[in-house]
Protein chains: 2
Amino acid sequence: MKTLGFIFPVPLLTQWLQTLFLASLLLLMPFLPSQGQTLQWTEVVPGVWKAVAGQPDDYDLLKAAGVRPNQEALAKMAKADFPLPKNQIVAEVKNGQTSLRFPLQVGEQVYGFGLNFKTVHQRGRVLQLHVDHYGKEDNGRTHAPVPFYVSGNGYGVFINSARYINVWAGTGIRKDSPVPPKIQDRNTDKNWSARPYSDAVEMLIPAGGTEIYVFAGPTPLDAVRRYNLFNGGGCLPPRWGLGFVHRTPLTFNSSQVLAEADEFRKRGFPLDVIGLEPGWQSKSYPCTFAWDPVRFPQPAAFVKQLTDQHIRVNLWTNPYVSPESPVYADVLPYSGSHTVWNGIVPDLTLPQVVQAVSAHFQKNHLDVGVSGYKIDECDGYDHYLWPDVATFPSGISASQMRQTYGLLLQKETTDWFRNRNQRTYGLIRASNGGASAYPYVLYNDSYSHEDFITALCNSSFSGILWTPEVRGSKTAEEWLRRMQSVCFSPMAMLNAWASGTKPWSFPEVEKQVKEIAQLRMQLMPYFYTEFARYHFEGTPPFRSMNLEAGFNTEARLEVQSASLNDNPYTEAVLKEVKDQYMAGEFLLVAPLFAGQTSRRVILPRGKWYDFYTGAFAGEGEVVTVTPGLDKIPVFVKDGGIIPMMEARLHAPEPGEKVNLQVRHYGQKTSSYLLYDDDGETFNYEKGQYAWRELKVARQKDGKLMGSAAKVEKGKPNTINAITWKFMTNP
Amino acid sequence: MKTLGFIFPVPLLTQWLQTLFLASLLLLMPFLPSQGQTLQWTEVVPGVWKAVAGQPDDYDLLKAAGVRPNQEALAKMAKADFPLPKNQIVAEVKNGQTSLRFPLQVGEQVYGFGLNFKTVHQRGRVLQLHVDHYGKEDNGRTHAPVPFYVSGNGYGVFINSARYINVWAGTGIRKDSPVPPKIQDRNTDKNWSARPYSDAVEMLIPAGGTEIYVFAGPTPLDAVRRYNLFNGGGCLPPRWGLGFVHRTPLTFNSSQVLAEADEFRKRGFPLDVIGLEPGWQSKSYPCTFAWDPVRFPQPAAFVKQLTDQHIRVNLWTNPYVSPESPVYADVLPYSGSHTVWNGIVPDLTLPQVVQAVSAHFQKNHLDVGVSGYKIDECDGYDHYLWPDVATFPSGISASQMRQTYGLLLQKETTDWFRNRNQRTYGLIRASNGGASAYPYVLYNDSYSHEDFITALCNSSFSGILWTPEVRGSKTAEEWLRRMQSVCFSPMAMLNAWASGTKPWSFPEVEKQVKEIAQLRMQLMPYFYTEFARYHFEGTPPFRSMNLEAGFNTEARLEVQSASLNDNPYTEAVLKEVKDQYMAGEFLLVAPLFAGQTSRRVILPRGKWYDFYTGAFAGEGEVVTVTPGLDKIPVFVKDGGIIPMMEARLHAPEPGEKVNLQVRHYGQKTSSYLLYDDDGETFNYEKGQYAWRELKVARQKDGKLMGSAAKVEKGKPNTINAITWKFMTNP
């Protein structure tokens, strides 16, 4: 690993001058002229304020998600003042539409707006937040277009509306702006900009009003934490959810699936969940939700056989009901005007339809031991989804239904499991604001490894989880690179429904693929703890670098196009970092993509160490690494404590104890709270959990020593012996 | 030229069977169940019906365009019945939104919806009609998103709303559809379709109502003609507008422009219009609209010097007003809340602002002899245009203003010239429904030659004109191929503002470029007549093959993607023809693109002849042509009569007479009405025009002979001698 000795470049002088110029203007003109109303803000929980513009819809994102704030955890967070100048937040309701304006400071960056695939920096972007498949462009149409943004200055803004929201995130310029951009002559001025400076985020909501929430910091991560805790805290998956997930081909029958599970075991490849694809249903697209009697003649026995082997079964479905489904007749009166792939569309806001569907699903799936669902195609794509002219019996509009269908599906299915005091962990293709607490991971049909990593970064701003799933690959190199990054994500999944690829399909890298899957298993205690922090503290387990203290992006201008023939408005963009991310408290992951043999990694302030060797890697600098094909570059923060268990094929079952090896990196003394509970139920909500301190102190001889707090009586404990390994100073 | 002897393939048997199956269902269930209201239709002019759904906006496309139907011409068209089953057209107004539904028959194709660049067939597409730059995808966001569609079954539908209109053109499927698609099991059925059959065009208008117009056929071309005549008839440019147009580099000064004109003359290269780019203004982006005192110290003398050489001057501008503009103070109180590139945005619906701007423009531009404008950047691109939260003093919403800004600019500027009884012909980057009569040609910043030809085809469905302008080229081959097609378009333009390329910049093809520009000049009597037919009969001068009688597209299914990993919903699309088009009554143009040495050409029913040689080329078949680099393939319909003048450098001035050579192709006796007027004024509106018959009859000896009707006394005549040339049977 070669270290380049340069420090972050300071912003260019001209940028500083511009900043000073604009900042002085700000001082001279402290108040934005207000058109429209300023808002009345109420602190609904500590550090979270609400305002109401106009007359909001009866139906909104938080209602659809059924959000219950975690008051207790929010109360524990630091008190904070309202983070924005209130008089600069302006709302105007006119002709049934609501306009909003929020101020931006010079140099302020904004993040979020849901699951974007290309960009992390959102200032300067124009979006219509609209649930949709991802069409290879970040325009707001995405699987989870969450109307929540986080400012680099340390606060968050959430619009609680289930409408398509238009966002101008720092592009519109009012003629009465107190911070007007400089006028330049394009004829003669080479510095003329196609995108003059804008001092506001503006939004348009096609409704007569909306609720608005503001979340305090002081850091961007704190704002995200408050948002997640307001949504009830992040989800805590069952332990097995963090193991390896494999989805079998479309029309595999029960024997084939069982044989596949056997093959995993024989090869010593970890496997916690097997996902069945549409072929488990008697018919699909539209769906019957009924087991196919030929391919799966004995569902209960089949599921039991796998569960006995510590392998959970997950079922694919989409929500569109076939006339041949047993639930069709009950759903029909409560379905929308239009069909999707010839299936009727349940109005999931109606209790009647939820009840009708629920009975069938619980009896035929949950009762026989199914662990969860992969809920497909609830995001849309205009060519197959119900059009916006569709009507639903509840009176909820087609667009509101589209914005919330993923939320409703998550809520409905999670409730089924919750009612059995059983955790689930599944896949969903649509989500929105208010979803933090739902145990669902987003995925999609696009397949750019680079985009997948950007999405993983962005998911952390919006209370959603994302998996950069592996499906197939053209080369062994690509295969291994994808496997490496998916093992550092919320769900380590091989989704081989179409390709039928196995983890060992590329023999030249079979060993390495197995190693990375085993590493995933070894890291389970660490990742499980980090998910517990997501739940109890709101901290996303996989995070953008922009949420990391001590991180600064390089302010480097890149010219996009130099040809006036091709694009006459040549634009410069600020470089953003979207190809590395934090995995939990201590790990920094920097994936390589097929074709790369080396890459640059930005190490934030403080010392960083190589995960595999413990060697010093750098300190607040950009390093270039050449890790070889076998390894995904992972760095550990100074003082990092990583609890690891042995490489197993399956997650520990409730009551089962494991031995821990706790690694420590670097020079710092430190401590880490290891989370523990039964791993399967919601009993942690009743206090049945433990945070056990793992502590590294310096002895009199100067050597580091690790110790674990005693297990509290009556508290869950799944740990047997603990050994310590000092990676940097053995 | 090699002729392949195959005829159009008949549709596949399975398609026929499906068609029969669906058709039989149609017979069994004649009525669509109606949700919402059916409409009251009034025949407002013969063959044109209007209905009103809900409470339409006060402001709409036809009002913005100031449309005055050509009642007289419409009355001349064949009487027709209402072309659709009225009870199957359904409107519903709910929560301030209007839903519309129009029936589609099995096998019916729809065309139009404005300036699309990728597709001609619109059935199966989902669009939001939204004025915007073209973002390399046909999604409704385009420079002219005209809410008018033409059915292959011979009728048209126009929505007179200045809102963003969502269109599902045959994708949505109601669960109560009388023609439901067949339900298939994706698990087992290889023919499962990701896009099941839909029997309706559905639309959503975010307003409490709208006017709807239906135009009768019987042919698709007739429906287009009625639409254009309803808009006042197509525009008739001045004669010089059909000559060669050249735009000089950004900051050329008057001496450089004059030198450039000299160079054209010296090289014998045609030139009718010189366009000045932003540098003629003292400052631009934002604009002053004032001549730069250094680059253009004597505007009047400069313009006169060019006009005396028979070269007109066209001025670039965009509408955004600089604080340094002489009109700024007058416009300021009547401008929108937001700026565009630091310029204020005039509210062009207000008479005060029109008057303020008008005085300056007339005095400083029209009075000194400027012939017209190129009005840039009125289309948008969300990153620089006013956002939809902007407000305007008239109360017109930001989105309505965006939908109509191009219309308002066309109307305002055309009126200035009309008031002087002077025709203009310019460029505009945004348009919409109702614009047929405006003498403006659309252009844009994208630069795909293929897309440009598709746009030319599509322009004919929507009452708009499009130029596949030439800007620069990577190779001499591309240069020549682009020059060849632009010379068969509404405006033969070299737009070299950025590249500074000259027609002779590629010496290896200079001769050929000159020849094609000369051919353009020779064809001026023909093209001018065809534009007169656009005005008097509504027939677009450059047309999609789908408007040509005897043309059928090949019904061939092409699979877009074969990899389920890349796209799990593999879709088949019907091949469409978008790379050849009709130029006037008789010519079929089939451009080649760089890299091609041969291409397939679909010749409609009837005999076709090679334009250059008169040789028989084919008859209702697909031929493959290898024309060499020098020639663009052009074919002439049997009996084609093409009036041509000598190759000149400039269009004839009023009062000037030219000699004609009239070509005849093929075997058929035929006749053609040659149009004539003064070429510059609106006196044709007062009857000062002539249609002179050119006739080819067979003599007793079997030979063809041509004759021209006598010039009627008191009627305009710009023709001196006429000679005939029989290309096929000399």
# chains A, B, ... in the order shown; residues from 1 in each chain; ligands from 1

$ closest_atom_pairs --of "chain A" --to "chain B" --cutoff "8 Å" --atoms "only C-alpha atoms" --output "tab-separated table"
residue	atom	partner	partner_atom	distance
A:Gly96	CA	B:Gly96	CA	7.8
A:Ser99	CA	B:Val389	CA	5.8
A:Gly124	CA	B:His383	CA	7.6
A:Arg125	CA	B:His383	CA	7.3
A:Val126	CA	B:Asp382	CA	6.6
A:Trp168	CA	B:Pro387	CA	7.1
A:Thr171	CA	B:His383	CA	6.0
A:Gly172	CA	B:Pro387	CA	6.0
A:Ile173	CA	B:His338	CA	5.4
A:Arg174	CA	B:His338	CA	4.1
A:Lys175	CA	B:His338	CA	5.1
A:Asp176	CA	B:Ser337	CA	7.7
A:Pro181	CA	B:Asn342	CA	7.1
A:Lys182	CA	B:Asn342	CA	7.8
A:Ile183	CA	B:Asn342	CA	6.1
A:Gln184	CA	B:Tyr285	CA	7.5
A:Asp185	CA	B:Lys283	CA	5.3
A:Arg186	CA	B:Ser284	CA	5.7
A:Asn187	CA	B:Gly279	CA	5.6
A:Ala194	CA	B:Trp341	CA	7.1
A:Arg195	CA	B:Tyr384	CA	6.5
A:Pro196	CA	B:Trp341	CA	6.5
A:Glu202	CA	B:Val389	CA	7.3
A:Met203	CA	B:Val389	CA	7.1
A:Leu204	CA	B:Val389	CA	6.0
A:Leu250	CA	B:Asn187	CA	7.2
A:Thr251	CA	B:Asn187	CA	6.6
A:Pro278	CA	B:Asn187	CA	6.6
A:Gly279	CA	B:Asn187	CA	5.6
A:Lys283	CA	B:Asp185	CA	5.3
A:Ser284	CA	B:Asp185	CA	5.5
A:Tyr285	CA	B:Arg186	CA	5.9
A:Pro286	CA	B:Asp185	CA	7.4
A:Ser337	CA	B:Arg174	CA	5.7
A:His338	CA	B:Arg174	CA	4.1
A:Thr339	CA	B:Lys175	CA	5.4
A:Val340	CA	B:Ile173	CA	7.5
A:Trp341	CA	B:Pro196	CA	6.5
A:Asn342	CA	B:Ile183	CA	6.1
A:Ile344	CA	B:Lys175	CA	7.0
A:Asp382	CA	B:Val126	CA	6.6
A:His383	CA	B:Thr171	CA	6.0
A:Tyr384	CA	B:Arg195	CA	6.5
A:Leu385	CA	B:Gly172	CA	7.8
A:Trp386	CA	B:Gly172	CA	6.4
A:Pro387	CA	B:Gly172	CA	6.0
A:Asp388	CA	B:Leu204	CA	7.0
A:Val389	CA	B:Ser99	CA	5.7
A:Asp445	CA	B:Asn567	CA	6.7
A:Ser446	CA	B:Asp566	CA	6.6
A:Tyr447	CA	B:Asp566	CA	6.7
A:Arg471	CA	B:Asn565	CA	6.9
A:Gly472	CA	B:Asn565	CA	7.1
A:Ala498	CA	B:Leu564	CA	6.2
A:Ser499	CA	B:Asn565	CA	7.1
A:Leu564	CA	B:Ala498	CA	6.2
A:Asn565	CA	B:Ala498	CA	6.6
A:Asp566	CA	B:Ser446	CA	6.6
A:Asn567	CA	B:Asp445	CA	6.7
A:Pro568	CA	B:Asp445	CA	7.3

$ write_last_selection --atoms "C-alpha atoms" --output "CSV table (one decimal), in the first residue's frame"
chain,number,residue,atom,x,y,z
A,96,GLY,CA,-54.0,24.6,-4.6
A,99,SER,CA,-44.4,26.8,-2.5
A,124,GLY,CA,-27.6,22.7,-7.6
A,125,ARG,CA,-29.9,19.8,-8.5
A,126,VAL,CA,-33.5,19.9,-9.7
A,168,TRP,CA,-34.9,23.2,-6.8
A,171,THR,CA,-30.8,26.7,-8.5
A,172,GLY,CA,-33.6,29.3,-8.5
A,173,ILE,CA,-32.6,32.9,-8.1
A,174,ARG,CA,-35.1,35.5,-6.9
A,175,LYS,CA,-34.7,38.9,-8.3
A,176,ASP,CA,-35.0,40.3,-4.8
A,181,PRO,CA,-25.0,36.4,-8.2
A,182,LYS,CA,-22.6,38.6,-10.0
A,183,ILE,CA,-23.7,39.7,-13.4
A,184,GLN,CA,-21.3,38.7,-16.1
A,185,ASP,CA,-21.1,39.3,-19.9
A,186,ARG,CA,-21.0,36.0,-21.7
A,187,ASN,CA,-19.6,37.7,-24.8
A,194,ALA,CA,-24.3,28.8,-16.7
A,195,ARG,CA,-25.4,28.3,-13.1
A,196,PRO,CA,-25.3,31.5,-11.2
A,202,GLU,CA,-37.2,25.9,-3.2
A,203,MET,CA,-40.0,23.3,-3.4
A,204,LEU,CA,-43.4,23.0,-5.0
A,250,LEU,CA,-37.0,-18.5,-11.2
A,251,THR,CA,-38.6,-21.9,-11.5
A,278,PRO,CA,-41.8,-16.1,-8.7
A,279,GLY,CA,-41.9,-19.8,-9.5
A,283,LYS,CA,-48.8,-18.3,-11.3
A,284,SER,CA,-47.1,-14.9,-11.3
A,285,TYR,CA,-47.5,-11.5,-13.0
A,286,PRO,CA,-50.2,-11.4,-11.8
A,337,SER,CA,-59.5,1.3,-11.2
A,338,HIS,CA,-56.5,0.0,-13.2
A,339,THR,CA,-54.6,-3.3,-13.3
A,340,VAL,CA,-50.9,-3.9,-13.3
A,341,TRP,CA,-49.8,-6.8,-15.4
A,342,ASN,CA,-53.4,-7.9,-15.4
A,344,ILE,CA,-55.8,-5.9,-9.5
A,382,ASP,CA,-44.7,4.3,-15.7
A,383,HIS,CA,-45.2,1.7,-18.5
A,384,TYR,CA,-46.6,-1.0,-16.2
A,385,LEU,CA,-47.8,0.8,-13.0
A,386,TRP,CA,-51.3,2.3,-12.6
A,387,PRO,CA,-51.3,5.7,-14.3
A,388,ASP,CA,-51.9,8.8,-12.3
A,389,VAL,CA,-55.5,8.9,-13.6
A,445,ASP,CA,-32.9,-3.7,-11.6
A,446,SER,CA,-30.0,-1.5,-12.6
A,447,TYR,CA,-26.6,-3.2,-12.2
A,471,ARG,CA,-26.5,-11.1,-9.7
A,472,GLY,CA,-24.1,-12.2,-12.4
A,498,ALA,CA,-32.1,-15.0,-13.7
A,499,SER,CA,-28.5,-16.1,-14.0
A,564,LEU,CA,-19.5,24.0,-27.4
A,565,ASN,CA,-20.9,22.1,-30.3
A,566,ASP,CA,-21.9,19.3,-27.9
A,567,ASN,CA,-23.0,21.4,-25.0
A,568,PRO,CA,-22.9,25.2,-25.1

$ residues_around --residues "B:Pro503" --least-positions-apart "3" --cutoff "10 Å" --atoms "only C-alpha atoms" --output "list of chain:residue names"
B:His246, B:Phe264, B:Arg267, B:Phe269, B:Val470, B:Gly472, B:Trp479, B:Leu480, B:Met483, B:Leu494, B:Ala496, B:Gly500, B:Phe506, B:Pro507, B:Val509, B:Glu510, B:Lys511, B:Val513, B:Lys514, B:Ala517

$ atom_distance --atom1 "atom CA of B:Leu115" --atom2 "atom CA of B:Tyr425"
19.3 Å

$ select_by_dssp --residues "stretch 403-634 of chain B" --states "helix (DSSP H, G or I)" --output "PDB file with C-alpha atoms, in the first residue's frame"
ATOM      1  CA  GLN B 403     -45.549  26.140 -21.582  1.00  0.00           C
ATOM      2  CA  THR B 404     -46.388  29.271 -23.565  1.00  0.00           C
ATOM      3  CA  TYR B 405     -43.318  31.498 -23.444  1.00  0.00           C
ATOM      4  CA  GLY B 406     -42.199  30.386 -26.896  1.00  0.00           C
ATOM      5  CA  LEU B 407     -45.689  31.017 -28.277  1.00  0.00           C
ATOM      6  CA  LEU B 408     -45.808  34.503 -26.761  1.00  0.00           C
ATOM      7  CA  LEU B 409     -42.412  35.377 -28.204  1.00  0.00           C
ATOM      8  CA  GLN B 410     -43.421  34.164 -31.649  1.00  0.00           C
ATOM      9  CA  LYS B 411     -46.657  36.097 -31.536  1.00  0.00           C
ATOM     10  CA  GLU B 412     -45.114  39.323 -30.250  1.00  0.00           C
ATOM     11  CA  THR B 413     -42.282  39.433 -32.784  1.00  0.00           C
ATOM     12  CA  THR B 414     -44.407  38.290 -35.729  1.00  0.00           C
ATOM     13  CA  ASP B 415     -46.893  41.042 -34.948  1.00  0.00           C
ATOM     14  CA  TRP B 416     -44.157  43.685 -35.195  1.00  0.00           C
ATOM     15  CA  PHE B 417     -43.328  42.556 -38.699  1.00  0.00           C
ATOM     16  CA  ARG B 418     -46.949  42.028 -39.683  1.00  0.00           C
ATOM     17  CA  ASN B 419     -47.714  45.586 -38.661  1.00  0.00           C
ATOM     18  CA  HIS B 449     -27.965  13.788 -37.156  1.00  0.00           C
ATOM     19  CA  GLU B 450     -30.257  10.766 -36.795  1.00  0.00           C
ATOM     20  CA  ASP B 451     -32.328  12.425 -34.038  1.00  0.00           C
ATOM     21  CA  PHE B 452     -32.535  15.568 -36.166  1.00  0.00           C
ATOM     22  CA  ILE B 453     -34.177  13.647 -39.003  1.00  0.00           C
ATOM     23  CA  THR B 454     -36.607  11.945 -36.623  1.00  0.00           C
ATOM     24  CA  ALA B 455     -37.523  15.404 -35.323  1.00  0.00           C
ATOM     25  CA  LEU B 456     -38.094  16.572 -38.893  1.00  0.00           C
ATOM     26  CA  CYS B 457     -40.500  13.669 -39.422  1.00  0.00           C
ATOM     27  CA  ASN B 458     -42.308  14.382 -36.142  1.00  0.00           C
ATOM     28  CA  SER B 459     -42.585  18.127 -36.688  1.00  0.00           C
ATOM     29  CA  ALA B 476     -15.774  15.828 -44.382  1.00  0.00           C
ATOM     30  CA  GLU B 477     -18.171  12.929 -44.824  1.00  0.00           C
ATOM     31  CA  GLU B 478     -20.313  13.952 -41.843  1.00  0.00           C
ATOM     32  CA  TRP B 479     -20.167  17.562 -42.992  1.00  0.00           C
ATOM     33  CA  LEU B 480     -21.498  16.744 -46.414  1.00  0.00           C
ATOM     34  CA  ARG B 481     -24.153  14.329 -45.132  1.00  0.00           C
ATOM     35  CA  ARG B 482     -25.474  16.972 -42.743  1.00  0.00           C
ATOM     36  CA  MET B 483     -25.412  19.638 -45.460  1.00  0.00           C
ATOM     37  CA  GLN B 484     -27.376  17.354 -47.753  1.00  0.00           C
ATOM     38  CA  SER B 485     -30.225  16.866 -45.315  1.00  0.00           C
ATOM     39  CA  VAL B 486     -30.411  20.438 -44.052  1.00  0.00           C
ATOM     40  CA  PRO B 507     -11.980  21.368 -49.128  1.00  0.00           C
ATOM     41  CA  GLU B 508     -12.378  17.727 -50.168  1.00  0.00           C
ATOM     42  CA  VAL B 509     -16.174  18.174 -50.324  1.00  0.00           C
ATOM     43  CA  GLU B 510     -16.413  21.909 -50.992  1.00  0.00           C
ATOM     44  CA  LYS B 511     -17.712  21.278 -54.494  1.00  0.00           C
ATOM     45  CA  GLN B 512     -20.425  18.900 -53.300  1.00  0.00           C
ATOM     46  CA  VAL B 513     -21.506  21.227 -50.494  1.00  0.00           C
ATOM     47  CA  LYS B 514     -21.839  24.030 -52.992  1.00  0.00           C
ATOM     48  CA  GLU B 515     -23.845  21.797 -55.343  1.00  0.00           C
ATOM     49  CA  ILE B 516     -26.351  20.838 -52.684  1.00  0.00           C
ATOM     50  CA  ALA B 517     -26.757  24.482 -51.616  1.00  0.00           C
ATOM     51  CA  GLN B 518     -27.279  25.367 -55.271  1.00  0.00           C
ATOM     52  CA  LEU B 519     -29.844  22.597 -55.601  1.00  0.00           C
ATOM     53  CA  ARG B 520     -31.634  24.116 -52.610  1.00  0.00           C
ATOM     54  CA  MET B 521     -31.773  27.426 -54.530  1.00  0.00           C
ATOM     55  CA  GLN B 522     -32.949  25.692 -57.712  1.00  0.00           C
ATOM     56  CA  MET B 524     -36.973  27.354 -54.336  1.00  0.00           C
ATOM     57  CA  PRO B 525     -40.077  27.636 -56.615  1.00  0.00           C
ATOM     58  CA  TYR B 526     -41.095  24.111 -55.597  1.00  0.00           C
ATOM     59  CA  PHE B 527     -40.467  24.594 -51.866  1.00  0.00           C
ATOM     60  CA  TYR B 528     -42.094  28.015 -51.903  1.00  0.00           C
ATOM     61  CA  THR B 529     -45.196  26.468 -53.479  1.00  0.00           C
ATOM     62  CA  GLU B 530     -45.186  23.706 -50.887  1.00  0.00           C
ATOM     63  CA  PHE B 531     -45.073  26.304 -48.092  1.00  0.00           C
ATOM     64  CA  ALA B 532     -47.996  28.064 -49.764  1.00  0.00           C
ATOM     65  CA  ARG B 533     -49.876  24.751 -49.596  1.00  0.00           C
ATOM     66  CA  TYR B 534     -48.952  24.633 -45.884  1.00  0.00           C
ATOM     67  CA  HIS B 535     -50.570  28.013 -45.519  1.00  0.00           C
ATOM     68  CA  PHE B 536     -53.619  27.577 -47.755  1.00  0.00           C
ATOM     69  CA  GLU B 537     -54.289  23.853 -47.329  1.00  0.00           C
ATOM     70  CA  MET B 545     -43.883   8.897 -44.234  1.00  0.00           C
ATOM     71  CA  ASN B 546     -46.805   8.022 -41.979  1.00  0.00           C
ATOM     72  CA  LEU B 547     -48.727  10.926 -43.499  1.00  0.00           C
TER      73      LEU B 547
END

$ atom_distance --atom1 "atom CA of A:Met77" --atom2 "atom CA of A:Pro46"
7.8 Å

$ select_by_dssp --residues "stretch 446-632 of chain B" --states "strand (DSSP E)" --output "PyMOL selection string"
chain B and resi 465-466+492-495+542-544+557-559+572-574+581-583+587-589+599-610+616-625

$ atom_distance --atom1 "atom CA of A:Lys695" --atom2 "atom CA of A:Ala709"
7.9 Å

$ residues_around --residues "stretch 609-618 of chain A" --least-positions-apart "5" --cutoff "10 Å" --atoms "only C-alpha atoms" --output "PyMOL selection string"
chain A and resi 1-5+587-589+601-604+623-625+631-640+642+663-667+726-730

$ residues_around --residues "B:Val224" --least-positions-apart "5" --cutoff "9 Å" --atoms "only C-alpha atoms" --output "ChimeraX atom specification"
/B:150,155-156,215,217,219,229,460-463,538-540,547

$ closest_residue --among "A:Ser161, A:Thr718, A:Asn364, A:Gln352" --to "A:Ala300" --atoms "only C-alpha atoms"
A:Asn364

$ decode --residues "stretch 461-472 of chain B" --atoms "N, CA, C and O atoms" --output "short mmCIF file (atom, residue, chain, number, x, y, z; two decimals), in the first residue's frame"
data_model
loop_
_atom_site.label_atom_id
_atom_site.label_comp_id
_atom_site.auth_asym_id
_atom_site.auth_seq_id
_atom_site.Cartn_x
_atom_site.Cartn_y
_atom_site.Cartn_z
N PHE B 461 -46.43 16.38 -37.63
CA PHE B 461 -47.68 16.02 -36.96
C PHE B 461 -48.22 17.14 -36.08
O PHE B 461 -49.34 17.05 -35.59
N SER B 462 -47.40 18.15 -35.82
CA SER B 462 -47.71 19.06 -34.72
C SER B 462 -47.74 20.53 -35.09
O SER B 462 -47.70 21.40 -34.22
N GLY B 463 -47.78 20.85 -36.38
CA GLY B 463 -47.86 22.27 -36.76
C GLY B 463 -46.62 23.06 -36.40
O GLY B 463 -46.71 24.24 -36.06
N ILE B 464 -45.47 22.41 -36.45
CA ILE B 464 -44.22 23.10 -36.15
C ILE B 464 -43.20 22.80 -37.25
O ILE B 464 -43.37 21.84 -38.01
N LEU B 465 -42.17 23.64 -37.33
CA LEU B 465 -41.09 23.44 -38.31
C LEU B 465 -39.80 23.17 -37.56
O LEU B 465 -39.59 23.68 -36.46
N TRP B 466 -38.94 22.41 -38.17
CA TRP B 466 -37.68 22.01 -37.52
C TRP B 466 -36.55 22.06 -38.52
O TRP B 466 -36.73 21.68 -39.68
N THR B 467 -35.39 22.56 -38.08
CA THR B 467 -34.22 22.51 -38.95
C THR B 467 -33.14 21.59 -38.37
O THR B 467 -32.75 21.77 -37.22
N PRO B 468 -32.67 20.64 -39.18
CA PRO B 468 -31.53 19.82 -38.76
C PRO B 468 -30.23 20.57 -39.02
O PRO B 468 -29.39 20.14 -39.82
N GLU B 469 -30.07 21.68 -38.35
CA GLU B 469 -28.97 22.61 -38.64
C GLU B 469 -27.60 21.94 -38.61
O GLU B 469 -27.37 20.99 -37.89
N VAL B 470 -26.68 22.51 -39.38
CA VAL B 470 -25.29 22.05 -39.39
C VAL B 470 -24.48 23.01 -38.53
O VAL B 470 -24.62 24.23 -38.66
N ARG B 471 -23.67 22.47 -37.66
CA ARG B 471 -22.83 23.35 -36.82
C ARG B 471 -21.34 23.12 -37.09
O ARG B 471 -20.61 24.01 -37.43
N GLY B 472 -20.93 21.91 -36.90
CA GLY B 472 -19.54 21.55 -37.18
C GLY B 472 -19.57 20.07 -37.48
O GLY B 472 -20.63 19.44 -37.42
#
